[in-house]
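*Asks:* Let me begin by handing over the structure; questions about it come next.
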Amino acid sequence: MLFRSVSQSRYAGQDFVGGIVGYAELNTVLQNLTIDTQSSVTGDDYVGGITGEAQNATITDCSSAATVSGSSAIGGIAGECWNNGVSITISGCSSSGTISATCCDVGGLLGINAGQAVTNCWSSSTVNCTGTTSTNVGGLIGYTNGPVSLCYTTGTVISATKDVGGLIGEIDVNGSAEKCYTRRLLS
């Protein structure tokens with residue numbers, strides 16, 4: 001289990017880049033982690049304010065105000081979260097930094113959510129996706145096939161392409177959104 005606060009830090013890499021953990025694997029618990037507004041996390045793919053990628057990891061009460069940027073699978077908390085049949089939850093997390101991507105699967109909180117339950121989370125991040133072939137751009141989550149509940153977003157989502165949403169860019173098979181709302185400006 002990790003507990004940590006990071007201030008005024010710069011992280012840069014290629015893939016699987018996180019402000020605290022690059023790749024969280026198998027039953028890792030990320031809890032009470034914070035990245036401040038003077039921090040930045042930059043990479044190519046799978047880039048997140050807290051972790052680049054989380055496999056079967058529980059993420060609870062984490063927050064990021066960092067600037068996060070890359071190409072695809074970019075999120076304020078995690079670039080991608082996925083499970084392989086294990087019931088794992090992302091809860092009580094928030095993101096308020098600027099999130100920028102040049103390709104696809106970008107969200108204020110998560111770029112890709114592959115099957116994990118996301119609950120009681122929010123994002124006030126500005127999400128900006130500049131690629132000409134970008135897809136799956138959301139104020140909270142770019143792409144999900146997991147359940148999302150009791151979440152909300154505020155701020156702005158900027159993208160000139162398809163599958164753009166104030167809350168979620170694309171909900172796929174087995175995905176759902178329940179008791180959520182957005183107050184985002186889409187442009």
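Lettering and numbering for the structure tokens are positional, with chains as A, B, ... in the shown order, residues counted from 1 in each chain, and ligands counted from 1 in the shown order.
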With a distance cut-off of 8 Å and only C-alpha atoms, select the neighbouring residues of Gln116 (chain A), excluding the residue or stretch itself and same-chain residues fewer than 5 positions from it, and output the selection as a PyMOL selection string.

*Replies:* chain A and resi 81-83+87-90+146-147

*Asks:* Just write the chosen residues, all heavy atoms, as an mmCIF file, in the first residue's frame.

*Replies:*
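Written file, again-v3.cif:
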```cif
data_model
loop_
_atom_site.group_PDB
_atom_site.id
_atom_site.type_symbol
_atom_site.label_atom_id
_atom_site.label_comp_id
_atom_site.auth_asym_id
_atom_site.auth_seq_id
_atom_site.Cartn_x
_atom_site.Cartn_y
_atom_site.Cartn_z
ATOM 1 N N CYS A 81 -6.678 1.680 -16.604
ATOM 2 C CA CYS A 81 -6.943 0.740 -15.510
ATOM 3 C C CYS A 81 -7.674 -0.446 -16.114
ATOM 4 O O CYS A 81 -8.616 -0.265 -16.885
ATOM 5 C CB CYS A 81 -7.823 1.383 -14.448
ATOM 6 S SG CYS A 81 -7.001 2.684 -13.541
ATOM 7 N N TRP A 82 -7.246 -1.639 -15.763
ATOM 8 C CA TRP A 82 -7.934 -2.815 -16.294
ATOM 9 C C TRP A 82 -7.846 -3.961 -15.310
ATOM 10 O O TRP A 82 -7.002 -3.995 -14.431
ATOM 11 C CB TRP A 82 -7.392 -3.213 -17.664
ATOM 12 C CG TRP A 82 -5.958 -3.650 -17.703
ATOM 13 C CD1 TRP A 82 -4.853 -2.851 -17.677
ATOM 14 C CD2 TRP A 82 -5.479 -4.986 -17.779
ATOM 15 N NE1 TRP A 82 -3.717 -3.610 -17.743
ATOM 16 C CE2 TRP A 82 -4.057 -4.923 -17.810
ATOM 17 C CE3 TRP A 82 -6.090 -6.231 -17.823
ATOM 18 C CZ2 TRP A 82 -3.268 -6.057 -17.892
ATOM 19 C CZ3 TRP A 82 -5.288 -7.364 -17.912
ATOM 20 C CH2 TRP A 82 -3.903 -7.267 -17.945
ATOM 21 N N ASN A 83 -8.798 -4.876 -15.464
ATOM 22 C CA ASN A 83 -8.773 -6.080 -14.635
ATOM 23 C C ASN A 83 -9.011 -7.291 -15.518
ATOM 24 O O ASN A 83 -9.515 -7.174 -16.619
ATOM 25 C CB ASN A 83 -9.796 -6.001 -13.500
ATOM 26 C CG ASN A 83 -11.219 -6.139 -13.978
ATOM 27 O OD1 ASN A 83 -11.548 -7.072 -14.694
ATOM 28 N ND2 ASN A 83 -12.080 -5.217 -13.585
ATOM 29 N N SER A 87 -12.730 -8.175 -9.216
ATOM 30 C CA SER A 87 -13.569 -7.014 -8.908
ATOM 31 C C SER A 87 -12.748 -5.978 -8.144
ATOM 32 O O SER A 87 -12.456 -6.139 -6.975
ATOM 33 C CB SER A 87 -14.772 -7.446 -8.074
ATOM 34 O OG SER A 87 -15.559 -6.338 -7.773
ATOM 35 N N ILE A 88 -12.358 -4.932 -8.838
ATOM 36 C CA ILE A 88 -11.516 -3.882 -8.279
ATOM 37 C C ILE A 88 -12.245 -2.546 -8.446
ATOM 38 O O ILE A 88 -12.958 -2.334 -9.410
ATOM 39 C CB ILE A 88 -10.155 -3.834 -9.011
ATOM 40 C CG1 ILE A 88 -9.413 -5.172 -8.876
ATOM 41 C CG2 ILE A 88 -9.296 -2.698 -8.511
ATOM 42 C CD1 ILE A 88 -8.973 -5.512 -7.484
ATOM 43 N N THR A 89 -12.037 -1.601 -7.513
ATOM 44 C CA THR A 89 -12.741 -0.325 -7.545
ATOM 45 C C THR A 89 -11.781 0.856 -7.536
ATOM 46 O O THR A 89 -10.747 0.824 -6.876
ATOM 47 C CB THR A 89 -13.674 -0.208 -6.326
ATOM 48 O OG1 THR A 89 -14.613 -1.281 -6.350
ATOM 49 C CG2 THR A 89 -14.433 1.089 -6.333
ATOM 50 N N ILE A 90 -12.164 1.882 -8.269
ATOM 51 C CA ILE A 90 -11.503 3.183 -8.212
ATOM 52 C C ILE A 90 -12.518 4.105 -7.552
ATOM 53 O O ILE A 90 -13.614 4.302 -8.085
ATOM 54 C CB ILE A 90 -11.139 3.675 -9.626
ATOM 55 C CG1 ILE A 90 -10.196 2.685 -10.280
ATOM 56 C CG2 ILE A 90 -10.543 5.070 -9.569
ATOM 57 C CD1 ILE A 90 -10.082 2.827 -11.760
ATOM 58 N N GLY A 146 -16.598 -0.552 -18.117
ATOM 59 C CA GLY A 146 -16.908 -0.881 -16.729
ATOM 60 C C GLY A 146 -17.975 0.056 -16.195
ATOM 61 O O GLY A 146 -18.316 1.060 -16.823
ATOM 62 N N PRO A 147 -18.516 -0.241 -15.011
ATOM 63 C CA PRO A 147 -19.562 0.598 -14.431
ATOM 64 C C PRO A 147 -19.006 1.881 -13.817
ATOM 65 O O PRO A 147 -17.985 1.872 -13.139
ATOM 66 C CB PRO A 147 -20.165 -0.305 -13.350
ATOM 67 C CG PRO A 147 -19.050 -1.231 -12.967
ATOM 68 C CD PRO A 147 -18.241 -1.443 -14.219
#
```

*Asks:* Using only C-alpha atoms, find the one residue out of A:Thr67, A:Thr132, A:Asn113, A:Asn174 that sits nearest to Ala12 (chain A).

*Replies:*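 Result for the nearest residue to Ala12 (chain A): A:Thr67.
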
*Asks:* Taking only region 18-139 of chain A into account, list the residues labelled strand (DSSP E) by DSSP (computed from the backbone), as a VMD selection string.

*Replies:* chain A and resid 18 21 to 24 29 to 35 40 to 42 45 to 48 51 to 55 58 to 60 63 to 64 67 to 70 72 to 75 78 to 82 89 to 91 94 to 95 98 to 101 106 to 107 110 to 114 117 to 119 122 to 123 126 to 129 135 to 138

*Asks:* Any idea what's packed within 7 Å of region 123-127 of chain A, counting only C-alpha atoms, ignoring anything in its chain fewer than 6 positions away? Could you give it as a list in words?

*Replies:*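 Near neighbours after the sequence-gap exclusion: Ser94, Ser95, Ser96, Gly97, Thr98, Ile99, Ser100, Gly107, Gly108, Leu109, Gly139, Leu140, Tyr152, Thr153, Thr154, Gly155, Thr156, Val157 and Ile158 of chain A.
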
*Asks:* Keeping only N, CA and C atoms, write the selected residues as an mmCIF file, in the first residue's frame.

*Replies:*
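Result saved to selection19.cif:
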```
data_model
loop_
_atom_site.group_PDB
_atom_site.id
_atom_site.type_symbol
_atom_site.label_atom_id
_atom_site.label_comp_id
_atom_site.auth_asym_id
_atom_site.auth_seq_id
_atom_site.Cartn_x
_atom_site.Cartn_y
_atom_site.Cartn_z
ATOM 1 N N SER A 94 -9.938 12.346 -7.525
ATOM 2 C CA SER A 94 -10.244 13.591 -8.227
ATOM 3 C C SER A 94 -9.046 14.077 -9.023
ATOM 4 N N SER A 95 -9.356 14.844 -10.061
ATOM 5 C CA SER A 95 -8.333 15.426 -10.913
ATOM 6 C C SER A 95 -8.727 16.856 -11.259
ATOM 7 N N SER A 96 -7.754 17.769 -11.184
ATOM 8 C CA SER A 96 -8.054 19.167 -11.498
ATOM 9 C C SER A 96 -6.990 19.818 -12.378
ATOM 10 N N GLY A 97 -6.034 19.056 -12.869
ATOM 11 C CA GLY A 97 -4.987 19.608 -13.726
ATOM 12 C C GLY A 97 -5.405 19.673 -15.179
ATOM 13 N N THR A 98 -4.511 20.156 -16.022
ATOM 14 C CA THR A 98 -4.744 20.189 -17.462
ATOM 15 C C THR A 98 -4.269 18.871 -18.066
ATOM 16 N N ILE A 99 -5.142 18.229 -18.859
ATOM 17 C CA ILE A 99 -4.846 16.937 -19.471
ATOM 18 C C ILE A 99 -4.807 17.145 -20.980
ATOM 19 N N SER A 100 -3.674 16.810 -21.626
ATOM 20 C CA SER A 100 -3.516 17.035 -23.060
ATOM 21 C C SER A 100 -3.048 15.768 -23.755
ATOM 22 N N GLY A 107 -8.941 11.195 -20.764
ATOM 23 C CA GLY A 107 -9.996 11.626 -19.852
ATOM 24 C C GLY A 107 -9.438 12.409 -18.682
ATOM 25 N N GLY A 108 -10.289 13.202 -18.068
ATOM 26 C CA GLY A 108 -9.869 13.989 -16.914
ATOM 27 C C GLY A 108 -9.380 13.127 -15.769
ATOM 28 N N LEU A 109 -9.981 11.947 -15.587
ATOM 29 C CA LEU A 109 -9.588 11.028 -14.523
ATOM 30 C C LEU A 109 -8.832 9.823 -15.087
ATOM 31 N N GLY A 139 -14.601 14.088 -20.288
ATOM 32 C CA GLY A 139 -14.279 14.905 -19.131
ATOM 33 C C GLY A 139 -13.821 14.080 -17.940
ATOM 34 N N LEU A 140 -14.368 12.861 -17.786
ATOM 35 C CA LEU A 140 -13.971 11.958 -16.703
ATOM 36 C C LEU A 140 -13.164 10.778 -17.246
ATOM 37 N N TYR A 152 -18.920 13.042 -11.269
ATOM 38 C CA TYR A 152 -19.288 14.257 -11.979
ATOM 39 C C TYR A 152 -18.057 14.959 -12.534
ATOM 40 N N THR A 153 -18.330 15.893 -13.472
ATOM 41 C CA THR A 153 -17.265 16.676 -14.085
ATOM 42 C C THR A 153 -17.694 18.137 -14.201
ATOM 43 N N THR A 154 -16.701 19.022 -14.193
ATOM 44 C CA THR A 154 -16.900 20.447 -14.466
ATOM 45 C C THR A 154 -15.708 20.887 -15.317
ATOM 46 N N GLY A 155 -15.823 21.953 -16.048
ATOM 47 C CA GLY A 155 -14.690 22.428 -16.845
ATOM 48 C C GLY A 155 -14.944 22.360 -18.325
ATOM 49 N N THR A 156 -13.902 22.037 -19.102
ATOM 50 C CA THR A 156 -13.980 22.087 -20.561
ATOM 51 C C THR A 156 -13.347 20.858 -21.195
ATOM 52 N N VAL A 157 -13.983 20.363 -22.261
ATOM 53 C CA VAL A 157 -13.423 19.284 -23.085
ATOM 54 C C VAL A 157 -13.272 19.852 -24.491
ATOM 55 N N ILE A 158 -12.053 19.805 -25.022
ATOM 56 C CA ILE A 158 -11.770 20.360 -26.341
ATOM 57 C C ILE A 158 -11.255 19.254 -27.255
#
```

*Asks:* Find, counting only C-alpha atoms, the residue in A:Gly76, A:Gly52, A:Gly92, A:Gly22 that gets nearest to Asp36 (chain A).

*Replies:*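 Looking at the shortest contact to Asp36 (chain A), the residue is A:Gly76.
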
*Asks:* Just checking: using only C-alpha atoms, which residue out of A:Val148, A:Ile50, A:Cys62, A:Ile112 ends up closest to Cys93 (chain A)?

*Replies:*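 Selected residue with least distance to Cys93 (chain A): A:Cys62.
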
*Asks:* List the spatial neighbours of region 175-178 of chain A as a PyMOL selection string - criterion: any atom at most 9 Å away, only C-alpha atoms, same-chain residues fewer than 4 positions off excluded.

*Replies:* chain A and resi 114-115+144-151+168+171

*Asks:* Please produce an output containing C-alpha atoms for each residue in the selection, written as a compact mmCIF listing (two decimals), in the first residue's frame.

*Replies:*
```txt
# COMPACT_ATOMS: atom_id res chain seq x y z
CA ALA A 114 -11.24 -1.67 -18.94
CA GLY A 115 -13.76 -3.26 -16.60
CA THR A 144 -14.97 2.56 -20.50
CA ASN A 145 -16.48 -0.90 -20.50
CA GLY A 146 -16.91 -0.88 -16.73
CA PRO A 147 -19.56 0.60 -14.43
CA VAL A 148 -19.32 4.30 -13.53
CA SER A 149 -21.50 5.69 -10.73
CA LEU A 150 -21.89 8.77 -8.53
CA CYS A 151 -19.31 10.76 -10.52
CA ILE A 168 -17.35 9.72 -21.02
CA ILE A 171 -19.12 3.46 -23.28
```
